[in-house]
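Asks: Below you will find the structure I want to go over with you.
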Amino acid sequence: MSVGTSSAPGGRDVRRPPEPRYGDPAELGIDPDELPDGLVVADEHGRVICFNSAAERITTVAAQDVLGQRLDKALPLEDLEGRRWWQLTDPYGGLAIRVRQPERNLLLPGGREVLVSARYVRTEPTGPVRRVVVSLRDTEARRRTERSHAELIATVAHELRSPLTSVKGFTATLLAKWERFTDDQKRLMLETVDADADRVTRLIAELLDISRIDSGRLEVRRQPVDIGAAVGRHIQAYVAAGLSADRFLLRIEQPLPALWADPDKIDQVLSNLIENAVRHGEGTVTIDVTPATSPREGEDVGTSVTVSDEGTGIPEESMNRVFTRFWRGSKRGGTGLGLYIVKGIVEAHGGTITVGRAAGGGAEFRFTLPVSAPAYLT
């Protein structure tokens, strides 16, 4: 690589640094073993000249055993119908206008699936192939996604079947034998149908929330929110339902910064966290509402809400799975989607949520919402 010169004022030559050669692996110092995907390169004779460490991991074959071998022997791939892939594609003797093979699922010996794509390197558009560059990707990440989708479908089917069976059973019974039941019996069955319909509605709302969170389309309509009053309403609802007021302790540190958030979604977060503390925790459920301050400047940067109980808490080994789909802890019940949605709502507001162990030994959830502007200014 040459070093350029130019003339400075006064006729003095000034050396310029060499211009970078973008995209040249030798210049960039890229090691094939640093690549996250498997890389296999064959020369113009079809002999393997590169087999990186990711390719070794994916194929469980050592590079020293395949370097110098023919590509079809080093990488004996078959399609899902059992046909030899290299014989079908024929990179060296096939159409001279082809430059690549799109990514597809293929099978290694033993039936292990891999995602394979290939690039044919030619020195001229229809010239002979000088290199075949093959990319290998493990399908485990895709399988995890597919399993997650399958689990979601199975969970939804299970959760829908129970209330719909109840609704169908009671309505069919009432229609067939209306005159045989007393008014109290009719009311009881209709109340059960109403409760089950609410359960189905909540499940559908959760599914819609998950869809919006996963696609990044969860809308946040910011309005002024009195977070202390919102928490108070949830506590009053539990007391009205029969729980003792002594079960709850609400502490609000004043003054709080102005909070602009989506009131319906914040209610959803509070409802889920308080319900979890009541249902799965023990003793007093404590809700602390405090201003969140910057550790450096000491100024208010948002509002924090901490919900804690005095139960057994969450095992340490489960802490990192609390906000994932279908996590239900030690007790069954619910869809296991609530905390996943809570995390999505908080993060859609630009906030953070954490879980830990409370001073009383139970679980402690803390979410912080930053200072923000109303919706019409964003």
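Following the order of the structure tokens, first chain is A, next is B, and so on, with residues numbered from 1 inside each chain and ligands from 1 in the order they appear.
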Just list as a ChimeraX atom specification whatever in segment 106-347 of chain A DSSP marks as strand (DSSP E).

Replies: /A:106-107,113-122,129-138,223-224,248-252,260-261,285-293,300-308

Asks: Just to be explicit: take each residue in the selection above, keep N, CA and C atoms, and write the result as a compact mmCIF listing (two decimals), in the first residue's frame.

Replies:
# COMPACT_ATOMS: atom_id res chain seq x y z
N LEU A 106 -30.87 -27.85 6.37
CA LEU A 106 -30.27 -29.07 5.85
C LEU A 106 -29.87 -29.96 7.01
N LEU A 107 -29.54 -31.20 6.69
CA LEU A 107 -29.23 -32.18 7.73
C LEU A 107 -27.77 -32.61 7.64
N GLU A 113 -30.08 -30.73 12.40
CA GLU A 113 -30.44 -29.67 11.46
C GLU A 113 -29.52 -28.48 11.60
N VAL A 114 -29.15 -27.89 10.46
CA VAL A 114 -28.38 -26.65 10.43
C VAL A 114 -28.96 -25.76 9.35
N LEU A 115 -28.75 -24.46 9.53
CA LEU A 115 -29.14 -23.49 8.52
C LEU A 115 -27.91 -23.21 7.66
N VAL A 116 -28.02 -23.41 6.35
CA VAL A 116 -26.87 -23.33 5.46
C VAL A 116 -27.16 -22.34 4.34
N SER A 117 -26.20 -21.47 4.06
CA SER A 117 -26.24 -20.62 2.89
C SER A 117 -24.86 -20.63 2.26
N ALA A 118 -24.78 -20.37 0.95
CA ALA A 118 -23.50 -20.46 0.25
C ALA A 118 -23.37 -19.30 -0.73
N ARG A 119 -22.13 -18.92 -0.95
CA ARG A 119 -21.79 -17.86 -1.90
C ARG A 119 -20.74 -18.39 -2.87
N TYR A 120 -20.98 -18.19 -4.16
CA TYR A 120 -20.03 -18.61 -5.18
C TYR A 120 -19.23 -17.38 -5.62
N VAL A 121 -17.93 -17.43 -5.42
CA VAL A 121 -17.07 -16.29 -5.75
C VAL A 121 -16.46 -16.53 -7.13
N ARG A 122 -16.71 -15.63 -8.04
CA ARG A 122 -16.17 -15.70 -9.40
C ARG A 122 -15.38 -14.42 -9.68
N VAL A 129 -15.93 -20.85 -10.84
CA VAL A 129 -15.99 -20.59 -9.40
C VAL A 129 -14.58 -20.69 -8.82
N ARG A 130 -14.16 -19.61 -8.13
CA ARG A 130 -12.84 -19.60 -7.50
C ARG A 130 -12.90 -19.94 -6.00
N ARG A 131 -14.03 -19.66 -5.42
CA ARG A 131 -14.24 -19.96 -4.00
C ARG A 131 -15.70 -20.31 -3.79
N VAL A 132 -15.95 -21.25 -2.90
CA VAL A 132 -17.30 -21.48 -2.38
C VAL A 132 -17.25 -21.19 -0.88
N VAL A 133 -18.01 -20.18 -0.49
CA VAL A 133 -18.04 -19.76 0.92
C VAL A 133 -19.37 -20.22 1.52
N VAL A 134 -19.29 -21.06 2.53
CA VAL A 134 -20.49 -21.64 3.14
C VAL A 134 -20.64 -21.11 4.57
N SER A 135 -21.84 -20.68 4.89
CA SER A 135 -22.16 -20.21 6.25
C SER A 135 -23.07 -21.23 6.93
N LEU A 136 -22.72 -21.61 8.16
CA LEU A 136 -23.49 -22.57 8.94
C LEU A 136 -24.02 -21.89 10.19
N ARG A 137 -25.28 -22.11 10.48
CA ARG A 137 -25.87 -21.57 11.71
C ARG A 137 -26.63 -22.67 12.42
N ASP A 138 -26.44 -22.70 13.73
CA ASP A 138 -27.16 -23.67 14.54
C ASP A 138 -28.64 -23.29 14.59
N GLN A 223 -50.35 10.79 30.32
CA GLN A 223 -51.21 11.77 30.97
C GLN A 223 -50.70 11.94 32.40
N PRO A 224 -51.14 12.97 33.10
CA PRO A 224 -50.75 13.10 34.51
C PRO A 224 -51.29 11.93 35.31
N PHE A 248 -52.23 -4.24 54.42
CA PHE A 248 -51.53 -3.33 53.51
C PHE A 248 -50.89 -2.18 54.28
N LEU A 249 -49.73 -1.76 53.79
CA LEU A 249 -49.05 -0.58 54.32
C LEU A 249 -48.59 0.25 53.13
N LEU A 250 -49.15 1.45 52.99
CA LEU A 250 -48.79 2.35 51.91
C LEU A 250 -47.99 3.52 52.47
N ARG A 251 -46.79 3.70 51.94
CA ARG A 251 -45.93 4.81 52.39
C ARG A 251 -45.55 5.64 51.17
N ILE A 252 -45.86 6.94 51.23
CA ILE A 252 -45.59 7.85 50.11
C ILE A 252 -44.65 8.94 50.59
N TRP A 260 -45.86 11.63 34.19
CA TRP A 260 -46.65 11.54 32.97
C TRP A 260 -46.51 10.11 32.45
N ALA A 261 -47.62 9.40 32.46
CA ALA A 261 -47.59 7.99 32.04
C ALA A 261 -48.97 7.61 31.54
N VAL A 285 -48.36 -6.51 53.07
CA VAL A 285 -47.92 -6.09 51.74
C VAL A 285 -47.60 -4.59 51.83
N THR A 286 -46.35 -4.25 51.61
CA THR A 286 -45.90 -2.87 51.75
C THR A 286 -45.65 -2.27 50.38
N ILE A 287 -46.24 -1.08 50.16
CA ILE A 287 -46.03 -0.37 48.89
C ILE A 287 -45.39 0.97 49.22
N ASP A 288 -44.18 1.17 48.75
CA ASP A 288 -43.45 2.42 48.96
C ASP A 288 -43.40 3.20 47.65
N VAL A 289 -43.83 4.45 47.69
CA VAL A 289 -43.77 5.34 46.52
C VAL A 289 -42.81 6.46 46.87
N THR A 290 -41.71 6.55 46.14
CA THR A 290 -40.65 7.50 46.46
C THR A 290 -40.14 8.17 45.19
N PRO A 291 -39.58 9.36 45.32
CA PRO A 291 -38.90 9.95 44.16
C PRO A 291 -37.60 9.21 43.89
N ALA A 292 -37.28 9.02 42.63
CA ALA A 292 -36.01 8.40 42.24
C ALA A 292 -35.03 9.52 41.93
N THR A 293 -33.88 9.47 42.56
CA THR A 293 -32.90 10.55 42.41
C THR A 293 -31.67 10.04 41.68
N ASP A 300 -34.24 14.78 41.24
CA ASP A 300 -35.27 13.80 40.92
C ASP A 300 -35.22 13.45 39.44
N VAL A 301 -35.19 12.15 39.15
CA VAL A 301 -35.17 11.71 37.75
C VAL A 301 -36.40 10.85 37.44
N GLY A 302 -37.27 10.65 38.42
CA GLY A 302 -38.46 9.84 38.18
C GLY A 302 -39.13 9.44 39.47
N THR A 303 -40.01 8.46 39.37
CA THR A 303 -40.77 7.96 40.51
C THR A 303 -40.56 6.46 40.63
N SER A 304 -40.33 5.98 41.84
CA SER A 304 -40.13 4.55 42.08
C SER A 304 -41.27 4.01 42.93
N VAL A 305 -41.70 2.80 42.60
CA VAL A 305 -42.72 2.11 43.38
C VAL A 305 -42.16 0.74 43.75
N THR A 306 -42.18 0.42 45.05
CA THR A 306 -41.67 -0.85 45.54
C THR A 306 -42.81 -1.61 46.21
N VAL A 307 -43.04 -2.83 45.77
CA VAL A 307 -44.08 -3.70 46.34
C VAL A 307 -43.38 -4.90 46.96
N SER A 308 -43.55 -5.08 48.27
CA SER A 308 -42.87 -6.19 48.96
C SER A 308 -43.83 -6.88 49.91

Asks: Env of Asn320 of chain A: 12 Å cut, atoms = only C-alpha atoms, seq-sep filter 3 positions within chain, self excluded. Answer as an NGL selection string.

Replies: :A and (314-317 or 323-325 or 327 or 329 or 354-356)

Asks: Give me the residues near Phe170 of chain A as a list in words, where near means some atom within 9 Å (using only C-alpha atoms) and where sequence neighbours in that chain fewer than 3 positions away do not count.

Replies: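 My list of contacting residues is Thr165, Ser166, Val167, Thr173, Leu174, Leu175, Met189, Leu190, Thr192 and Val193 of chain A.
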
Asks: Can you work out which one of A:Asn276, A:Thr312, A:Thr59, A:Gln87 has the shortest atom-to-atom distance to Phe365 of chain A, counting only C-alpha atoms?

Replies: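 For Phe365 of chain A, the nearest of the candidates is A:Asn276.
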
Asks: Separation of atom CA of Gly111 of chain A and atom CA of Leu95 of chain A, in Å?

Replies: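 Atom-to-atom, atom CA of Gly111 of chain A to atom CA of Leu95 of chain A, that is 29.2 Å.
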
Asks: Tell me, in Å to one decimal, how far atom CA of Glu219 of chain A is from atom CA of Asp262 of chain A.

Replies: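 Interatomic distance here is 8.9 Å.
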
Asks: In terms of the shortest atom-to-atom distance over only C-alpha atoms, which of A:Pro91, A:Tyr340, A:Leu164, A:Val278 is closest to Val239 of chain A?

Replies: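 For Val239 of chain A, the nearest of the candidates is A:Val278.
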
Asks: Quick one: of A:Glu347, A:Glu159, A:Glu191, A:Glu275, who's nearest to Leu218 of chain A, counting only C-alpha atoms?

Replies: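 Of all the options, A:Glu347 lies closest to Leu218 of chain A.
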
Asks: Distance atom CA of Asp267 of chain A-atom CA of His234 of chain A, one decimal place?

Replies: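 About the pair atom CA of Asp267 of chain A and atom CA of His234 of chain A: they are 8.5 Å apart.
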
Asks: So which bits of segment 64-166 of chain A end up helix (DSSP H, G or I) when you DSSP the backbone, as an MDAnalysis selection string?

Replies: chainID A and resid 64:66 71:74 85:89 140:166

Asks: With segment 48-54 of chain A as the partner and 9 Å as the cut-off, tabulate the residues of segment 64-86 of chain A that qualify, each row holding the nearest pair of atoms and their distance in Å to one decimal, using only C-alpha atoms, sorted by chain and rising number, as a tab-separated table.

Replies:
residue	atom	partner	partner_atom	distance
A:Gln64	CA	A:Phe51	CA	8.6
A:Val66	CA	A:Val48	CA	6.9
A:Leu67	CA	A:Val48	CA	5.1
A:Gly68	CA	A:Val48	CA	5.1
A:Gln69	CA	A:Val48	CA	5.7
A:Arg70	CA	A:Val48	CA	6.2
A:Leu71	CA	A:Val48	CA	5.7
A:Ala74	CA	A:Val48	CA	7.5

Asks: Please, could you write that set of residues out with N, CA, C and O atoms as an mmCIF file, in the first residue's frame?

Replies:
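In the end it all went to out.cif:
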data_model
loop_
_atom_site.group_PDB
_atom_site.id
_atom_site.type_symbol
_atom_site.label_atom_id
_atom_site.label_comp_id
_atom_site.auth_asym_id
_atom_site.auth_seq_id
_atom_site.Cartn_x
_atom_site.Cartn_y
_atom_site.Cartn_z
ATOM 1 N N GLN A 64 -8.848 -30.086 11.545
ATOM 2 C CA GLN A 64 -7.708 -30.827 11.002
ATOM 3 C C GLN A 64 -8.135 -32.073 10.243
ATOM 4 O O GLN A 64 -7.396 -32.589 9.400
ATOM 5 N N VAL A 66 -10.760 -32.218 8.196
ATOM 6 C CA VAL A 66 -11.451 -31.914 6.937
ATOM 7 C C VAL A 66 -10.671 -30.972 6.025
ATOM 8 O O VAL A 66 -10.979 -30.890 4.830
ATOM 9 N N LEU A 67 -9.684 -30.262 6.554
ATOM 10 C CA LEU A 67 -8.912 -29.354 5.705
ATOM 11 C C LEU A 67 -8.215 -30.160 4.612
ATOM 12 O O LEU A 67 -7.559 -31.169 4.880
ATOM 13 N N GLY A 68 -8.388 -29.722 3.369
ATOM 14 C CA GLY A 68 -7.812 -30.421 2.226
ATOM 15 C C GLY A 68 -8.745 -31.441 1.608
ATOM 16 O O GLY A 68 -8.485 -31.924 0.501
ATOM 17 N N GLN A 69 -9.830 -31.780 2.295
ATOM 18 C CA GLN A 69 -10.787 -32.725 1.725
ATOM 19 C C GLN A 69 -11.719 -32.021 0.744
ATOM 20 O O GLN A 69 -11.867 -30.804 0.752
ATOM 21 N N ARG A 70 -12.385 -32.831 -0.084
ATOM 22 C CA ARG A 70 -13.398 -32.269 -0.963
ATOM 23 C C ARG A 70 -14.573 -31.763 -0.118
ATOM 24 O O ARG A 70 -14.912 -32.339 0.913
ATOM 25 N N LEU A 71 -15.179 -30.684 -0.591
ATOM 26 C CA LEU A 71 -16.238 -30.032 0.175
ATOM 27 C C LEU A 71 -17.407 -30.972 0.452
ATOM 28 O O LEU A 71 -17.946 -30.995 1.558
ATOM 29 N N ALA A 74 -16.262 -33.309 3.250
ATOM 30 C CA ALA A 74 -16.060 -32.632 4.541
ATOM 31 C C ALA A 74 -17.383 -32.185 5.151
ATOM 32 O O ALA A 74 -17.539 -32.152 6.374
#

Asks: Just the residues within 9 Å of Lys265 of chain A, please, counting only C-alpha atoms, with nothing from its chain fewer than 5 positions along; format it as a PyMOL selection string.

Replies: chain A and resi 220+270+342+345-346

Asks: Of the residues A:Ile227, A:Val371, A:Val40, A:Ile353, which is the one nearest to Pro263 of chain A, using only C-alpha atoms?

Replies: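 Selected residue with least distance to Pro263 of chain A: A:Ile227.
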